[in-house]
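Below is the file entry12.cif, which contains mmCIF, C-alpha atoms.
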```
data_structure
loop_
_atom_site.label_atom_id
_atom_site.label_comp_id
_atom_site.auth_asym_id
_atom_site.auth_seq_id
_atom_site.Cartn_x
_atom_site.Cartn_y
_atom_site.Cartn_z
CA MET A 1 -45.05 -151.05 -81.78
CA SER A 2 -42.51 -149.84 -84.33
CA ALA A 3 -43.93 -148.63 -87.64
CA ILE A 4 -41.12 -150.59 -89.36
CA ASN A 5 -39.72 -153.93 -88.19
CA VAL A 6 -36.10 -155.09 -88.50
CA GLY A 7 -36.76 -157.25 -91.56
CA GLN A 8 -38.37 -154.35 -93.39
CA ALA A 9 -35.48 -152.13 -92.26
CA VAL A 10 -32.98 -154.46 -93.95
CA VAL A 11 -34.90 -154.28 -97.23
CA LEU A 12 -35.34 -150.51 -97.09
CA GLY A 13 -31.71 -149.98 -96.06
CA ALA A 14 -30.53 -151.99 -99.06
CA ILE A 15 -32.81 -150.05 -101.40
CA GLU A 16 -31.58 -146.76 -99.94
CA GLY A 17 -27.96 -147.81 -100.35
CA VAL A 18 -28.37 -148.89 -103.96
CA THR A 19 -30.48 -145.96 -105.13
CA GLU A 20 -29.32 -142.91 -103.12
CA PHE A 21 -26.55 -141.99 -105.52
CA LEU A 22 -27.82 -143.61 -108.70
CA PRO A 23 -29.99 -141.17 -110.68
CA VAL A 24 -33.11 -143.29 -110.22
CA SER A 25 -34.68 -141.71 -107.09
CA SER A 26 -34.08 -143.33 -103.73
CA THR A 27 -37.18 -141.64 -102.33
CA GLY A 28 -39.29 -143.05 -105.15
CA HIS A 29 -37.98 -146.58 -104.70
CA LEU A 30 -38.39 -146.41 -100.92
CA LYS A 31 -41.99 -145.26 -101.27
CA ILE A 32 -42.73 -148.03 -103.77
CA ALA A 33 -41.18 -150.65 -101.47
CA GLU A 34 -43.03 -149.26 -98.45
CA GLY A 35 -46.30 -149.39 -100.38
CA LEU A 36 -45.73 -153.02 -101.47
CA MET A 37 -44.95 -153.99 -97.86
CA GLY A 38 -48.07 -152.27 -96.58
CA ILE A 39 -46.17 -149.50 -94.80
CA PRO A 40 -48.02 -146.12 -94.90
CA VAL A 41 -45.76 -143.84 -96.95
CA ASP A 42 -47.10 -140.64 -95.35
CA ASP A 43 -46.67 -141.81 -91.74
CA ASP A 44 -44.39 -139.40 -89.82
CA ALA A 45 -42.31 -142.28 -88.47
CA VAL A 46 -41.83 -143.73 -91.95
CA VAL A 47 -40.85 -140.37 -93.41
CA GLY A 48 -38.40 -139.89 -90.56
CA PHE A 49 -37.00 -143.42 -90.96
CA SER A 50 -36.32 -142.80 -94.66
CA ALA A 51 -34.44 -139.59 -93.86
CA VAL A 52 -32.39 -141.14 -91.06
CA ILE A 53 -31.15 -144.17 -93.02
CA GLN A 54 -29.82 -141.73 -95.63
CA VAL A 55 -27.11 -140.96 -93.07
CA GLY A 56 -25.74 -144.45 -93.69
CA ALA A 57 -25.39 -143.66 -97.38
CA ILE A 58 -23.77 -140.32 -96.57
CA ALA A 59 -21.32 -142.06 -94.23
CA ALA A 60 -20.36 -144.23 -97.20
CA VAL A 61 -19.54 -141.07 -99.18
CA LEU A 62 -17.46 -139.73 -96.30
CA VAL A 63 -15.45 -142.96 -96.14
CA TYR A 64 -15.11 -143.38 -99.91
CA PHE A 65 -14.01 -139.76 -100.49
CA PHE A 66 -12.15 -139.42 -97.18
CA LYS A 67 -8.89 -138.21 -98.73
CA ASP A 68 -10.69 -135.67 -100.94
CA ILE A 69 -12.75 -134.39 -98.03
CA VAL A 70 -9.69 -134.05 -95.80
CA ARG A 71 -7.89 -132.15 -98.57
CA ILE A 72 -10.83 -129.79 -99.11
CA MET A 73 -11.43 -129.18 -95.40
CA THR A 74 -7.73 -128.63 -94.77
CA ALA A 75 -7.67 -126.00 -97.51
CA TRP A 76 -10.79 -124.40 -96.00
CA PHE A 77 -9.30 -124.11 -92.51
CA ARG A 78 -6.02 -122.80 -93.94
CA GLY A 79 -7.94 -120.21 -95.91
CA LEU A 80 -9.75 -119.03 -92.81
CA ALA A 81 -6.41 -118.31 -91.19
CA ASP A 82 -4.30 -117.27 -94.18
CA ARG A 83 -5.49 -114.81 -96.82
CA GLU A 84 -3.12 -116.22 -99.45
CA GLU A 85 -4.69 -119.67 -99.14
CA ARG A 86 -8.09 -118.31 -100.14
CA TYR A 87 -7.15 -118.42 -103.82
CA HIS A 88 -6.89 -122.20 -103.65
CA HIS A 89 -9.70 -123.97 -105.54
CA ASP A 90 -10.36 -126.38 -102.66
CA TYR A 91 -10.92 -123.49 -100.24
CA LYS A 92 -13.44 -121.89 -102.57
CA PHE A 93 -15.07 -125.23 -103.32
CA ALA A 94 -15.71 -125.84 -99.61
CA TRP A 95 -17.53 -122.51 -99.35
CA TRP A 96 -19.48 -123.23 -102.52
CA VAL A 97 -20.80 -126.50 -101.09
CA ILE A 98 -21.86 -124.72 -97.88
CA VAL A 99 -23.60 -121.83 -99.64
CA ALA A 100 -25.17 -124.06 -102.32
CA THR A 101 -26.89 -126.04 -99.56
CA ILE A 102 -28.82 -123.02 -98.27
CA PRO A 103 -31.59 -123.06 -100.95
CA ILE A 104 -32.63 -126.67 -100.29
CA VAL A 105 -32.57 -126.12 -96.52
CA ALA A 106 -34.79 -123.03 -96.83
CA VAL A 107 -37.29 -124.75 -99.13
CA GLY A 108 -37.25 -127.93 -97.06
CA LEU A 109 -38.21 -126.07 -93.88
CA ALA A 110 -40.78 -123.84 -95.59
CA ALA A 111 -42.47 -126.58 -97.59
CA LYS A 112 -42.31 -129.44 -95.07
CA PRO A 113 -46.13 -129.79 -94.79
CA LEU A 114 -46.41 -130.16 -98.57
CA ILE A 115 -43.40 -132.47 -98.84
CA GLN A 116 -44.74 -134.83 -96.18
CA GLY A 117 -48.34 -134.39 -97.34
CA PRO A 118 -49.72 -134.11 -100.89
CA LEU A 119 -46.31 -134.33 -102.58
CA ALA A 120 -45.59 -137.67 -100.88
CA SER A 121 -48.16 -139.35 -103.14
CA LEU A 122 -46.99 -142.28 -105.28
CA TRP A 123 -48.74 -140.62 -108.22
CA VAL A 124 -46.25 -137.76 -107.87
CA VAL A 125 -43.40 -140.29 -107.68
CA ALA A 126 -44.50 -142.02 -110.88
CA GLY A 127 -44.86 -138.77 -112.82
CA SER A 128 -41.56 -137.41 -111.51
CA LEU A 129 -39.70 -140.57 -112.51
CA ILE A 130 -40.81 -140.18 -116.11
CA VAL A 131 -40.43 -136.38 -116.34
CA GLY A 132 -37.01 -136.59 -114.70
CA SER A 133 -35.99 -139.19 -117.28
CA GLY A 134 -36.69 -136.72 -120.06
CA VAL A 135 -34.63 -134.05 -118.34
CA MET A 136 -31.73 -136.46 -117.79
CA TRP A 137 -31.76 -137.66 -121.40
CA ALA A 138 -31.83 -134.09 -122.73
CA ALA A 139 -29.00 -133.03 -120.39
CA ASP A 140 -26.81 -135.94 -121.45
CA GLN A 141 -27.42 -135.16 -125.12
CA MET A 142 -27.00 -131.39 -124.82
CA GLY A 143 -23.97 -131.38 -122.56
CA ARG A 144 -20.56 -131.13 -124.21
CA HIS A 145 -18.80 -133.03 -121.39
CA LYS A 146 -15.71 -130.85 -121.75
CA ARG A 147 -15.20 -129.51 -118.21
CA GLY A 148 -13.61 -131.40 -115.33
CA GLU A 149 -13.94 -131.06 -111.57
CA ASP A 150 -11.19 -128.44 -111.35
CA ASP A 151 -13.16 -126.26 -113.80
CA THR A 152 -16.20 -125.91 -111.55
CA SER A 153 -17.24 -122.43 -110.43
CA PHE A 154 -19.46 -120.81 -107.80
CA LYS A 155 -22.20 -120.51 -110.43
CA ASP A 156 -21.97 -124.24 -111.14
CA ALA A 157 -22.22 -125.13 -107.45
CA MET A 158 -25.21 -122.83 -106.85
CA LEU A 159 -27.15 -124.07 -109.87
CA VAL A 160 -26.41 -127.72 -109.16
CA GLY A 161 -27.08 -127.31 -105.44
CA SER A 162 -30.36 -125.50 -106.05
CA SER A 163 -31.50 -128.25 -108.42
CA GLN A 164 -31.81 -130.54 -105.39
CA ILE A 165 -35.05 -128.69 -104.66
CA LEU A 166 -36.68 -130.53 -107.58
CA ALA A 167 -36.16 -133.86 -105.85
CA LEU A 168 -37.30 -132.42 -102.53
CA LEU A 169 -40.60 -131.20 -103.93
CA PHE A 170 -41.13 -134.02 -106.42
CA PRO A 171 -40.06 -137.38 -104.95
CA GLY A 172 -39.20 -139.57 -107.88
CA PHE A 173 -37.30 -136.84 -109.71
CA SER A 174 -34.11 -137.97 -107.91
CA ARG A 175 -31.67 -135.70 -106.09
CA SER A 176 -28.69 -137.24 -107.87
CA GLY A 177 -30.58 -137.20 -111.17
CA ALA A 178 -31.39 -133.50 -110.80
CA THR A 179 -27.86 -132.52 -109.78
CA MET A 180 -26.14 -134.64 -112.42
CA SER A 181 -28.47 -133.38 -115.14
CA THR A 182 -27.85 -129.76 -114.17
CA ALA A 183 -24.09 -130.34 -114.11
CA LEU A 184 -24.22 -131.96 -117.55
CA MET A 185 -26.15 -128.96 -118.90
CA LEU A 186 -23.28 -126.82 -117.60
CA ASP A 187 -20.93 -128.92 -119.78
CA LEU A 188 -19.24 -130.83 -116.96
CA ASP A 189 -18.15 -134.32 -117.91
CA ARG A 190 -20.04 -137.27 -116.43
CA VAL A 191 -17.46 -138.11 -113.77
CA ALA A 192 -17.20 -134.48 -112.63
CA ALA A 193 -21.00 -134.19 -112.58
CA THR A 194 -21.27 -137.35 -110.48
CA ARG A 195 -18.59 -136.32 -107.99
CA LEU A 196 -20.12 -132.84 -107.61
CA SER A 197 -23.47 -134.50 -106.91
CA PHE A 198 -21.84 -136.58 -104.16
CA PHE A 199 -20.18 -133.62 -102.44
CA LEU A 200 -23.30 -131.44 -102.58
CA GLY A 201 -25.35 -134.28 -101.11
CA ILE A 202 -23.25 -134.55 -97.95
CA PRO A 203 -24.56 -131.52 -96.00
CA ALA A 204 -28.11 -131.70 -97.37
CA LEU A 205 -28.72 -135.36 -96.61
CA THR A 206 -26.84 -135.37 -93.32
CA GLY A 207 -28.84 -132.37 -92.14
CA ALA A 208 -32.11 -134.02 -93.17
CA GLY A 209 -31.23 -137.20 -91.27
CA ILE A 210 -30.30 -135.35 -88.08
CA TYR A 211 -33.38 -133.11 -88.33
CA GLU A 212 -35.71 -136.10 -88.68
CA LEU A 213 -34.04 -138.32 -86.05
CA LYS A 214 -36.07 -137.05 -83.09
CA ASP A 215 -39.37 -137.32 -84.95
CA ALA A 216 -38.50 -140.78 -86.25
CA LEU A 217 -37.79 -142.11 -82.76
CA GLY A 218 -40.71 -140.28 -81.20
CA THR A 219 -43.42 -141.40 -83.61
CA GLY A 220 -42.94 -145.15 -83.82
CA ALA A 221 -39.73 -145.96 -85.70
CA GLY A 222 -37.84 -148.08 -83.18
CA ALA A 223 -34.14 -147.72 -82.49
CA ALA A 224 -33.27 -151.24 -83.68
CA PRO A 225 -34.80 -150.83 -87.19
CA LEU A 226 -33.14 -147.41 -87.50
CA VAL A 227 -29.71 -148.80 -86.62
CA VAL A 228 -30.06 -151.85 -88.86
CA GLY A 229 -31.41 -149.84 -91.80
CA THR A 230 -28.62 -147.30 -91.49
CA LEU A 231 -25.86 -149.94 -91.34
CA VAL A 232 -27.24 -151.83 -94.34
CA SER A 233 -27.54 -148.54 -96.21
CA PHE A 234 -23.88 -147.75 -95.50
CA VAL A 235 -22.50 -151.08 -96.77
CA VAL A 236 -24.62 -151.17 -99.91
CA ALA A 237 -24.08 -147.46 -100.70
CA TYR A 238 -20.30 -147.84 -100.55
CA ALA A 239 -20.41 -150.55 -103.20
CA SER A 240 -22.88 -148.50 -105.25
CA ILE A 241 -20.60 -145.43 -105.25
CA ALA A 242 -17.60 -147.44 -106.45
CA TRP A 243 -19.66 -149.01 -109.23
CA LEU A 244 -21.27 -145.75 -110.38
CA LEU A 245 -17.98 -143.86 -110.78
CA LYS A 246 -16.59 -146.65 -112.95
CA PHE A 247 -19.80 -146.85 -114.95
CA VAL A 248 -20.15 -143.15 -115.81
CA ALA A 249 -16.52 -142.98 -116.93
CA LYS A 250 -17.38 -145.15 -119.92
CA HIS A 251 -21.16 -145.03 -120.40
CA SER A 252 -23.95 -142.51 -120.95
CA PHE A 253 -26.96 -142.15 -118.64
CA ASN A 254 -29.32 -143.78 -121.17
CA SER A 255 -29.66 -147.01 -119.21
CA PHE A 256 -30.86 -145.04 -116.18
CA VAL A 257 -33.30 -143.10 -118.35
CA ILE A 258 -34.85 -146.31 -119.70
CA TYR A 259 -34.99 -147.89 -116.25
CA ARG A 260 -36.74 -144.85 -114.75
CA ILE A 261 -39.38 -144.81 -117.51
CA VAL A 262 -40.09 -148.51 -117.02
CA VAL A 263 -40.42 -148.11 -113.23
CA GLY A 264 -42.60 -145.01 -113.65
CA LEU A 265 -44.97 -146.75 -116.06
CA LEU A 266 -45.08 -149.85 -113.86
CA LEU A 267 -45.94 -147.69 -110.86
CA PHE A 268 -48.73 -145.96 -112.78
CA GLY A 269 -50.07 -149.41 -113.62
CA LEU A 270 -49.94 -150.63 -110.01
CA LEU A 271 -51.69 -147.48 -108.80
CA GLY A 272 -54.28 -147.56 -111.57
CA THR A 273 -55.20 -151.18 -110.87
CA GLY A 274 -55.36 -150.66 -107.13
CA VAL A 275 -52.45 -152.98 -106.33
CA LEU A 276 -50.79 -150.02 -104.60
CA ASN A 277 -52.48 -147.27 -102.64
CA SER A 278 -51.16 -143.79 -103.38
#
```
Could you show the structure in this file as structure tokens?
Amino acid sequence: MSAINVGQAVVLGAIEGVTEFLPVSSTGHLKIAEGLMGIPVDDDAVVGFSAVIQVGAIAAVLVYFFKDIVRIMTAWFRGLADREERYHHDYKFAWWVIVATIPIVAVGLAAKPLIQGPLASLWVVAGSLIVGSGVMWAADQMGRHKRGEDDTSFKDAMLVGSSQILALLFPGFSRSGATMSTALMLDLDRVAATRLSFFLGIPALTGAGIYELKDALGTGAGAAPLVVGTLVSFVVAYASIAWLLKFVAKHSFNSFVIYRIVVGLLLFGLLGTGVLNS
């Protein structure tokens, strides 16, 4: 019997699509939803399912930013063949995304037992939601928002890419929240910070989904729920990306900060009263 049925897959796919790129923690929301539906959050099949349906959200990024990705990859291939092309920002940016993914891959492989064990606790999620809110608020206040996407450097990419480790180790911190906050601290404007977060998420999340696929299928997550959850995630994530880019162009991150604190406190309450099992 599948650890997750098709109905639950629809719900989890929608949650993944909405929250993957908003700085509110998709992992945290998925774990909360799984707990409320009686799904064991530390089950190998459930962990694998959550990683695989992220591929739907990543596919949404690939479709939404198709022209940008083609431009960057074209510059990269040209640079490999032509020395003169290597001065182009897009060529360098492609390499930065690749290299900046290495830290999270290394930590993910080394710390997998912790990530899927003690750190998968909903208590960790609740605490990370609140702590991450403080970091996000401080970053938005401290950042001077004066640098655009064309002003990014290798240092920016490495620092922002490495910040994804926070979300990996502390589910609830939010991968997008960590990357956007780091980018804001580096004085990137909100739109540039958001777009950089999207691009850096492509290799990391795609790799995680592919890595977990075999385990997800082999430990009880049926093919039908995986397909349904991934498709729902794709459709909802596409709409979420379009909305977020419009939102950050005119608003601060304060609404996300408040929302995260409320969810974190609510989760502490549910855990403390025994409504949810950690």
Do you have, as JSON lines, the list of residues of region 168-219 of chain A lying at most 9 Å from region 21-25 of chain A, each with its nearest atom pair and that distance in Å to one decimal, counting all atoms listed in the file and ordered by chain then number?
```
{"residue": "A:Pro171", "atom": "CA", "partner": "A:Ser25", "partner_atom": "CA", "distance": 7.2}
{"residue": "A:Gly172", "atom": "CA", "partner": "A:Ser25", "partner_atom": "CA", "distance": 5.1}
{"residue": "A:Phe173", "atom": "CA", "partner": "A:Ser25", "partner_atom": "CA", "distance": 6.1}
{"residue": "A:Ser174", "atom": "CA", "partner": "A:Ser25", "partner_atom": "CA", "distance": 3.9}
{"residue": "A:Arg175", "atom": "CA", "partner": "A:Ser25", "partner_atom": "CA", "distance": 6.8}
{"residue": "A:Ser176", "atom": "CA", "partner": "A:Pro23", "partner_atom": "CA", "distance": 5.0}
{"residue": "A:Gly177", "atom": "CA", "partner": "A:Pro23", "partner_atom": "CA", "distance": 4.0}
{"residue": "A:Ala178", "atom": "CA", "partner": "A:Pro23", "partner_atom": "CA", "distance": 7.8}
{"residue": "A:Thr179", "atom": "CA", "partner": "A:Pro23", "partner_atom": "CA", "distance": 9.0}
{"residue": "A:Met180", "atom": "CA", "partner": "A:Pro23", "partner_atom": "CA", "distance": 7.8}
{"residue": "A:Thr194", "atom": "CA", "partner": "A:Phe21", "partner_atom": "CA", "distance": 8.6}
{"residue": "A:Ser197", "atom": "CA", "partner": "A:Phe21", "partner_atom": "CA", "distance": 8.2}
{"residue": "A:Phe198", "atom": "CA", "partner": "A:Phe21", "partner_atom": "CA", "distance": 7.3}
{"residue": "A:Gly201", "atom": "CA", "partner": "A:Phe21", "partner_atom": "CA", "distance": 9.0}
```
Filtering to C-alpha atoms, could you give me those residues as a PDB file, in the frame of the given file?
```pdb
ATOM      1  CA  PRO A 171     -40.060-137.380-104.950  1.00  0.00           C
ATOM      2  CA  GLY A 172     -39.200-139.570-107.880  1.00  0.00           C
ATOM      3  CA  PHE A 173     -37.300-136.840-109.710  1.00  0.00           C
ATOM      4  CA  SER A 174     -34.110-137.970-107.910  1.00  0.00           C
ATOM      5  CA  ARG A 175     -31.670-135.700-106.090  1.00  0.00           C
ATOM      6  CA  SER A 176     -28.690-137.240-107.870  1.00  0.00           C
ATOM      7  CA  GLY A 177     -30.580-137.200-111.170  1.00  0.00           C
ATOM      8  CA  ALA A 178     -31.390-133.500-110.800  1.00  0.00           C
ATOM      9  CA  THR A 179     -27.860-132.520-109.780  1.00  0.00           C
ATOM     10  CA  MET A 180     -26.140-134.640-112.420  1.00  0.00           C
ATOM     11  CA  THR A 194     -21.270-137.350-110.480  1.00  0.00           C
ATOM     12  CA  SER A 197     -23.470-134.500-106.910  1.00  0.00           C
ATOM     13  CA  PHE A 198     -21.840-136.580-104.160  1.00  0.00           C
ATOM     14  CA  GLY A 201     -25.350-134.280-101.110  1.00  0.00           C
TER      15      GLY A 201
END
```
Could you write out as a PyMOL selection string the residues that the PyMOL selection byres ((chain A and resi 271-274) around 12) matches in the shown file? chain A and resi 32+35-36+121-127+264-270+275-278
With region 246-256 of chain A as the partner and 9 Å as the cut-off, tabulate the residues of region 163-237 of chain A that qualify, each row holding the nearest pair of atoms and their distance in Å to one decimal, using all atoms listed in the file, sorted by chain and rising number, as JSON lines.
```
{"residue": "A:Asp189", "atom": "CA", "partner": "A:Ala249", "partner_atom": "CA", "distance": 8.9}
{"residue": "A:Arg190", "atom": "CA", "partner": "A:Val248", "partner_atom": "CA", "distance": 5.9}
{"residue": "A:Val191", "atom": "CA", "partner": "A:Ala249", "partner_atom": "CA", "distance": 5.9}
{"residue": "A:Thr194", "atom": "CA", "partner": "A:Val248", "partner_atom": "CA", "distance": 8.0}
```
Could the residues in this selection be written to a file with C-alpha atoms, as a compact mmCIF listing (two decimals), keeping the file's coordinate frame?
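To be explicit, this is the file written out as again.txt:
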```
# COMPACT_ATOMS: atom_id res chain seq x y z
CA ASP A 189 -18.15 -134.32 -117.91
CA ARG A 190 -20.04 -137.27 -116.43
CA VAL A 191 -17.46 -138.11 -113.77
CA THR A 194 -21.27 -137.35 -110.48
```
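The spacing separating CA of Glu84 (chain A) from CA of Ile98 (chain A) amounts to 20.6 Å.
Between Gly143 (chain A) and the candidates A:Leu244, A:Ala94, A:Ala183, A:Ala51, the tightest atom-to-atom separation, counting all atoms listed in the file, involves A:Ala183.
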If the PyMOL selection byres ((chain A and resi 105) around 12) is run on the structure shown, which residues does it catch, given as a PyMOL selection string? chain A and resi 98-104+106-112+161-162+164-165+168+201+203-208+211
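Our summary of the geometry notes that CA of Met185 (chain A) is positioned 5.2 Å from CA of Ala139 (chain A).
Relative to CA of His89 (chain A), CA of Thr74 (chain A) is found at 11.9 Å.
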Fewer than 2 positions away in the same chain doesn't count, so skip those; otherwise give me all residues within 10 Å of Ile4 (chain A), counting all atoms listed in the file, as a ChimeraX atom specification. /A:1-2,6-9,12,34,37,39-40,45-46,49,220-222,224-226
Deliver the residues from the most recent selection as a file, using C-alpha atoms, as a PDB file, in the coordinates of the input.
```pdb
ATOM      1  CA  MET A   1     -45.050-151.050 -81.780  1.00  0.00           C
ATOM      2  CA  SER A   2     -42.510-149.840 -84.330  1.00  0.00           C
ATOM      3  CA  VAL A   6     -36.100-155.090 -88.500  1.00  0.00           C
ATOM      4  CA  GLY A   7     -36.760-157.250 -91.560  1.00  0.00           C
ATOM      5  CA  GLN A   8     -38.370-154.350 -93.390  1.00  0.00           C
ATOM      6  CA  ALA A   9     -35.480-152.130 -92.260  1.00  0.00           C
ATOM      7  CA  LEU A  12     -35.340-150.510 -97.090  1.00  0.00           C
ATOM      8  CA  GLU A  34     -43.030-149.260 -98.450  1.00  0.00           C
ATOM      9  CA  MET A  37     -44.950-153.990 -97.860  1.00  0.00           C
ATOM     10  CA  ILE A  39     -46.170-149.500 -94.800  1.00  0.00           C
ATOM     11  CA  PRO A  40     -48.020-146.120 -94.900  1.00  0.00           C
ATOM     12  CA  ALA A  45     -42.310-142.280 -88.470  1.00  0.00           C
ATOM     13  CA  VAL A  46     -41.830-143.730 -91.950  1.00  0.00           C
ATOM     14  CA  PHE A  49     -37.000-143.420 -90.960  1.00  0.00           C
ATOM     15  CA  GLY A 220     -42.940-145.150 -83.820  1.00  0.00           C
ATOM     16  CA  ALA A 221     -39.730-145.960 -85.700  1.00  0.00           C
ATOM     17  CA  GLY A 222     -37.840-148.080 -83.180  1.00  0.00           C
ATOM     18  CA  ALA A 224     -33.270-151.240 -83.680  1.00  0.00           C
ATOM     19  CA  PRO A 225     -34.800-150.830 -87.190  1.00  0.00           C
ATOM     20  CA  LEU A 226     -33.140-147.410 -87.500  1.00  0.00           C
TER      21      LEU A 226
END
```
Can you pull out the residues contacting Ser233 (chain A)? Cut-off 7 Å, using all atoms listed in the file, and skip same-chain residues under 5 positions away; I want them as a PyMOL selection string. chain A and resi 13-14+16-17+53+56-57
In terms of all atoms listed in the file, the residue from A:Val160, A:Val18, A:Ile241, A:Ile72 at minimal distance from Ser181 (chain A) is A:Val160
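Here the question is which of A:Gly132, A:Ala242, A:Gln141, A:Thr230 gets nearest to Ile258 (chain A) using only C-alpha atoms, and that residue is A:Gly132.
Counting all atoms listed in the file and comparing A:Tyr238, A:Trp243, A:Tyr259, A:Phe170, the residue that lies closest to Val61 (chain A) is A:Tyr238.
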From the options A:Leu129, A:Asp90, A:Arg78, A:Val97, which residue's atoms come nearest to Lys155 (chain A), counting only C-alpha atoms? A:Val97
Determine, counting all atoms listed in the file, which protein, DNA and RNA residues have an atom within 8 Å of an atom of Ala192 (chain A); residues of the same chain fewer than 5 positions away are not included. Present the result as number ranges by chain. A: 147-149
A:Asp44, A:Asn5, A:Ala239, A:Leu30: which is nearest Gln116 (chain A), counting only C-alpha atoms? A:Asp44
Extract region 33-45 of chain A from the structure I just pasted (atoms: N, CA, C and O atoms) and return it as a PDB file, in the first residue's frame.
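As a result, out.pdb now contains:
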```
ATOM      1  N   ALA A  33       1.350  19.662   7.029  1.00  0.00           N
ATOM      2  CA  ALA A  33       0.215  19.044   6.346  1.00  0.00           C
ATOM      3  C   ALA A  33       0.251  17.527   6.505  1.00  0.00           C
ATOM      4  O   ALA A  33      -0.789  16.888   6.742  1.00  0.00           O
ATOM      5  N   GLU A  34       1.445  16.945   6.378  1.00  0.00           N
ATOM      6  CA  GLU A  34       1.572  15.491   6.543  1.00  0.00           C
ATOM      7  C   GLU A  34       1.178  15.068   7.954  1.00  0.00           C
ATOM      8  O   GLU A  34       0.496  14.062   8.149  1.00  0.00           O
ATOM      9  N   GLY A  35       1.600  15.869   8.939  1.00  0.00           N
ATOM     10  CA  GLY A  35       1.248  15.564  10.325  1.00  0.00           C
ATOM     11  C   GLY A  35      -0.255  15.630  10.560  1.00  0.00           C
ATOM     12  O   GLY A  35      -0.836  14.763  11.223  1.00  0.00           O
ATOM     13  N   LEU A  36      -0.913  16.654  10.007  1.00  0.00           N
ATOM     14  CA  LEU A  36      -2.362  16.814  10.178  1.00  0.00           C
ATOM     15  C   LEU A  36      -3.139  15.698   9.483  1.00  0.00           C
ATOM     16  O   LEU A  36      -4.233  15.331   9.903  1.00  0.00           O
ATOM     17  N   MET A  37      -2.559  15.153   8.397  1.00  0.00           N
ATOM     18  CA  MET A  37      -3.226  14.063   7.673  1.00  0.00           C
ATOM     19  C   MET A  37      -2.831  12.692   8.196  1.00  0.00           C
ATOM     20  O   MET A  37      -3.222  11.667   7.637  1.00  0.00           O
ATOM     21  N   GLY A  38      -2.025  12.679   9.254  1.00  0.00           N
ATOM     22  CA  GLY A  38      -1.633  11.408   9.846  1.00  0.00           C
ATOM     23  C   GLY A  38      -0.559  10.676   9.077  1.00  0.00           C
ATOM     24  O   GLY A  38      -0.371   9.466   9.258  1.00  0.00           O
ATOM     25  N   ILE A  39       0.177  11.379   8.235  1.00  0.00           N
ATOM     26  CA  ILE A  39       1.256  10.771   7.457  1.00  0.00           C
ATOM     27  C   ILE A  39       2.546  10.917   8.256  1.00  0.00           C
ATOM     28  O   ILE A  39       2.903  12.024   8.669  1.00  0.00           O
ATOM     29  N   PRO A  40       3.284   9.837   8.503  1.00  0.00           N
ATOM     30  CA  PRO A  40       4.537   9.919   9.285  1.00  0.00           C
ATOM     31  C   PRO A  40       5.597  10.744   8.556  1.00  0.00           C
ATOM     32  O   PRO A  40       6.058  10.359   7.479  1.00  0.00           O
ATOM     33  N   VAL A  41       5.988  11.865   9.133  1.00  0.00           N
ATOM     34  CA  VAL A  41       6.882  12.801   8.441  1.00  0.00           C
ATOM     35  C   VAL A  41       8.289  12.255   8.262  1.00  0.00           C
ATOM     36  O   VAL A  41       9.032  12.726   7.387  1.00  0.00           O
ATOM     37  N   ASP A  42       8.684  11.267   9.085  1.00  0.00           N
ATOM     38  CA  ASP A  42      10.050  10.735   8.983  1.00  0.00           C
ATOM     39  C   ASP A  42      10.113   9.427   8.200  1.00  0.00           C
ATOM     40  O   ASP A  42      11.166   8.806   8.114  1.00  0.00           O
ATOM     41  N   ASP A  43       8.984   9.002   7.606  1.00  0.00           N
ATOM     42  CA  ASP A  43       8.970   7.801   6.777  1.00  0.00           C
ATOM     43  C   ASP A  43       9.808   8.044   5.524  1.00  0.00           C
ATOM     44  O   ASP A  43       9.707   9.099   4.897  1.00  0.00           O
ATOM     45  N   ASP A  44      10.638   7.072   5.136  1.00  0.00           N
ATOM     46  CA  ASP A  44      11.513   7.237   3.967  1.00  0.00           C
ATOM     47  C   ASP A  44      10.723   7.542   2.696  1.00  0.00           C
ATOM     48  O   ASP A  44      11.139   8.357   1.871  1.00  0.00           O
ATOM     49  N   ALA A  45       9.585   6.883   2.539  1.00  0.00           N
ATOM     50  CA  ALA A  45       8.767   7.107   1.348  1.00  0.00           C
ATOM     51  C   ALA A  45       8.210   8.527   1.324  1.00  0.00           C
ATOM     52  O   ALA A  45       8.122   9.160   0.266  1.00  0.00           O
TER      53      ALA A  45
END
```
